[in-house]
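Source file: final_26.cif (mmCIF, C-alpha atoms)
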data_final
loop_
_atom_site.label_atom_id
_atom_site.label_comp_id
_atom_site.auth_asym_id
_atom_site.auth_seq_id
_atom_site.Cartn_x
_atom_site.Cartn_y
_atom_site.Cartn_z
CA MET A 14 8.57 -6.60 -24.44
CA PRO A 15 7.80 -3.84 -21.89
CA PRO A 16 9.03 -0.33 -22.55
CA PRO A 17 12.45 0.38 -20.97
CA TYR A 18 11.00 2.58 -18.22
CA VAL A 19 8.81 -0.32 -17.09
CA SER A 20 11.81 -2.61 -16.76
CA TYR A 21 13.60 0.10 -14.81
CA VAL A 22 10.65 0.60 -12.46
CA CYS A 23 10.24 -3.13 -12.02
CA CYS A 24 13.87 -4.01 -11.47
CA MET A 25 15.09 -0.97 -9.57
CA ASP A 26 12.17 0.34 -7.56
CA MET A 27 9.36 -2.08 -6.85
CA HIS A 28 11.12 -4.17 -4.23
CA ASP A 29 12.18 -1.00 -2.39
CA LEU A 30 8.72 0.54 -2.72
CA ASP A 31 7.08 -2.63 -1.39
CA ARG A 32 9.54 -2.79 1.50
CA ALA A 33 8.94 0.89 2.40
CA LEU A 34 5.18 0.44 2.38
CA LEU A 35 5.23 -2.79 4.35
CA GLN A 36 7.67 -1.35 6.89
CA ALA A 37 5.37 1.64 7.36
CA ILE A 38 2.42 -0.67 7.92
CA GLY A 39 4.51 -2.69 10.36
CA ALA A 40 5.40 0.49 12.25
CA ILE A 41 1.73 1.40 12.54
CA GLU A 42 0.93 -2.11 13.74
CA ALA A 43 3.65 -1.87 16.39
CA LEU A 44 2.09 1.38 17.55
CA LEU A 45 -1.36 -0.24 17.55
CA ALA A 46 -0.10 -2.87 20.00
CA ARG A 47 0.29 -0.16 22.64
CA PRO A 48 -2.54 0.42 25.10
CA CYS A 49 -2.79 4.09 24.18
CA CYS A 50 -1.74 6.40 21.41
CA ASP A 51 1.56 8.25 21.08
CA VAL A 52 0.28 11.23 19.10
CA ALA A 53 3.64 12.36 17.71
CA GLU A 54 4.59 8.84 16.65
CA LEU A 55 1.17 8.22 15.10
CA SER A 56 1.40 11.42 13.06
CA ARG A 57 4.93 10.61 11.90
CA ILE A 58 4.07 7.06 10.88
CA ARG A 59 0.85 8.07 9.13
CA TYR A 60 2.79 10.61 7.09
CA GLN A 61 5.45 8.00 6.26
CA THR A 62 2.73 5.55 5.22
CA ALA A 63 0.96 8.10 3.01
CA ARG A 64 4.22 8.84 1.20
CA ALA A 65 4.91 5.11 0.71
CA VAL A 66 1.39 4.48 -0.59
CA ALA A 67 1.62 7.36 -3.07
CA ALA A 68 5.07 6.40 -4.37
CA ARG A 69 4.09 2.77 -4.87
CA ARG A 70 0.78 3.75 -6.48
CA ARG A 71 2.59 5.83 -9.11
CA ALA A 72 4.97 2.98 -9.94
CA VAL A 73 2.19 0.37 -10.10
CA ASP A 74 0.20 2.63 -12.41
CA LEU A 75 3.16 2.72 -14.82
CA LEU A 76 3.44 -1.06 -14.79
CA VAL A 77 -0.32 -1.62 -15.16
CA ASN A 78 -0.63 0.82 -18.06
CA ALA A 79 2.34 -0.70 -19.89
CA ALA A 80 1.16 -4.28 -19.38
CA ALA A 81 -2.43 -3.49 -20.37
CA ALA A 82 -1.22 -1.74 -23.53
CA GLN A 83 0.56 -4.92 -24.61
CA GLY A 84 -2.75 -6.76 -24.74
CA GLY A 85 -3.02 -10.54 -24.85
CA ALA A 86 -3.79 -12.77 -21.90
CA GLN A 87 -1.49 -10.83 -19.56
CA GLY A 88 -3.14 -7.58 -20.61
CA GLU A 89 -6.55 -9.00 -19.71
CA LYS A 90 -5.29 -10.09 -16.28
CA ILE A 91 -3.89 -6.64 -15.73
CA LYS A 92 -7.19 -5.01 -16.64
CA ALA A 93 -8.82 -7.12 -13.91
CA LEU A 94 -6.09 -5.99 -11.52
CA ARG A 95 -7.16 -2.38 -11.94
CA GLY A 96 -10.45 -3.02 -10.15
CA GLY A 97 -8.82 -4.56 -7.09
CA SER A 98 -6.21 -1.84 -6.98
CA LEU A 99 -8.90 0.83 -7.15
CA ASP A 100 -10.87 -0.89 -4.38
CA MET A 101 -7.80 -0.93 -2.12
CA ARG A 102 -7.06 2.72 -2.86
CA MET A 103 -10.65 3.71 -2.06
CA PHE A 104 -10.54 1.72 1.19
CA TYR A 105 -7.29 3.50 2.11
CA THR A 106 -8.73 6.93 1.26
CA ASP A 107 -11.93 6.20 3.19
CA HIS A 108 -9.85 5.07 6.18
CA ILE A 109 -7.76 8.26 6.18
CA SER A 110 -10.89 10.40 5.85
CA ALA A 111 -12.76 8.52 8.58
CA TRP A 112 -9.85 8.52 11.02
CA PRO A 113 -8.26 11.95 11.38
CA THR A 114 -5.68 11.96 14.16
CA PRO A 115 -7.97 13.50 16.83
CA ARG A 116 -10.60 10.83 16.25
CA ALA A 117 -7.99 8.05 16.20
CA ILE A 118 -6.77 9.25 19.60
CA ALA A 119 -10.26 9.60 21.05
CA GLU A 120 -11.43 6.21 19.76
CA TRP A 121 -8.16 4.29 20.00
CA PRO A 122 -9.58 0.71 20.24
CA GLU A 123 -11.81 1.26 17.20
CA TYR A 124 -8.93 2.86 15.29
CA VAL A 125 -6.75 -0.14 16.10
CA THR A 126 -9.35 -2.52 14.63
CA ALA A 127 -9.85 -0.40 11.50
CA SER A 128 -6.11 0.03 10.95
CA ARG A 129 -5.39 -3.68 11.27
CA LYS A 130 -8.05 -4.37 8.65
CA LEU A 131 -6.47 -1.78 6.35
CA GLY A 132 -3.03 -3.33 6.82
CA ASP A 133 -4.39 -6.75 5.86
CA ILE A 134 -6.07 -5.34 2.74
CA ILE A 135 -2.93 -3.53 1.63
CA ARG A 136 -0.73 -6.60 2.15
CA ARG A 137 -3.14 -8.74 0.15
CA GLN A 138 -3.23 -6.24 -2.73
CA VAL A 139 0.56 -5.89 -2.76
CA GLN A 140 0.86 -9.67 -3.08
CA ILE A 141 -1.68 -9.78 -5.93
CA GLU A 142 0.12 -6.99 -7.79
CA ARG A 143 3.53 -8.58 -7.26
CA ALA A 144 2.26 -11.91 -8.61
CA LEU A 145 0.86 -10.32 -11.78
CA LEU A 146 3.19 -7.41 -12.47
CA TYR A 147 6.59 -8.62 -11.31
CA PRO A 148 6.38 -12.28 -10.26
CA GLU A 149 10.16 -12.59 -10.15
CA ALA A 150 10.02 -10.61 -6.88
CA GLY A 151 8.40 -13.54 -5.07
CA PRO A 152 5.99 -13.34 -2.12
CA VAL A 153 5.52 -10.27 0.04
CA PRO A 154 8.38 -10.00 2.53
CA ALA A 155 7.35 -10.37 6.16
#
Final structure tokens representation of the file:
Amino acid sequence: MPPPYVSYVCCMDMHDLDRALLQAIGAIEALLARPCCDVAELSRIRYQTARAVAARRRAVDLLVNAAAAQGGAQGEKIKALRGGSLDMRMFYTDHISAWPTPRAIAEWPEYVTASRKLGDIIRRQVQIERALLYPEAGPVPA
């Protein structure tokens, strides 16, 4: 049985955290469809995305730590999940470091390609985490 705070996080927050993150990614992708960059909009959406990533990361860490502490087969699956989660976080951090706003503006087509790849990686990791940590939530919403 998970600790009460894990049930609270799972039941009350994860769906909203997933939705906020995926909406932020969708907003970036809508911006990427434009032929050139709207600097103010890009900055706003990147900030919104960073906040969504951080909030979801904190909640997932709580769920992973609680599930891993329980041990058993599920605990082993969760331990494997840590590696993929870390890989996604590193990819996100590398992307943010490699693409400061001035560079994104100057190299818009390349930024578009890199950002679409990041969006795909994040969506895939969210689905993996949902399936292992809170499968009752179902597939990633579109």
>> Rounded to one decimal, what separation in Å do you get between atom CA of A:Leu34 and atom CA of A:Pro152?
In response: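 Interatomic distance, atom CA of A:Leu34 to atom CA of A:Pro152: 14.5 Å.
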> Looking at A:Thr126, A:Thr106, A:Ser56, A:Thr62, which one is nearest to A:Ile38, with distances taken over all atoms listed in the file?
Replying inline: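 Under the stated criterion, the closest residue is A:Thr62.
Minimum distance to A:Val73 across A:Leu30, A:Leu131, A:Leu55, A:Ile41 (counting all atoms listed in the file) occurs at A:Leu30.
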>> When you count all atoms listed in the file, which of these residues is closest to A:Arg64: A:Cys49, A:Ala111, A:Ala33, A:Glu89?
In response: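 Among the listed residues, A:Ala33 lies closest to A:Arg64.
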>> Using Å and a single decimal, report how far atom CA of A:Gly39 sits from atom CA of A:Val52.
In response: 17.0 Å
> With all atoms listed in the file as the basis for distance, which of A:Leu45, A:Asn78, A:Asp26, A:Leu146 is at the shortest distance from A:Trp121?
Replying inline: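 Closest to A:Trp121 of all the choices is A:Leu45.
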> When the PyMOL selection byres ((chain A and resi 80) around 12) is applied to the file above, which residues end up in the set, as a ChimeraX atom specification?
Replying inline: /A:14-16,19-20,23,73-79,81-95,142,145-147
>> From (-3.2, -10.0, 13.8), in the file's coordinates, out to 9 Å: which residues are reached, counting all atoms listed in the file? Answer as a PyMOL selection string.
In response: chain A and resi 42+129+133
Store the residues picked out above in a file with C-alpha atoms, as a compact mmCIF listing (two decimals), in the coordinates of the input.
# COMPACT_ATOMS: atom_id res chain seq x y z
CA GLU A 42 0.93 -2.11 13.74
CA ARG A 129 -5.39 -3.68 11.27
CA ASP A 133 -4.39 -6.75 5.86
> What separation in Å, quoted to one decimal, exists between atom CA of A:Ile134 and atom CA of A:Val66?
Replying inline: 12.8 Å
>> Excluding A:Val139 and its own-chain neighbours fewer than 5 positions away, which residues fall within 9 Å of it when counting only C-alpha atoms? Please give them as a list in words.
In response: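 Contacts, in chain order: Asp31, Ser98, Ile134, Ala144 and Val153 of chain A.
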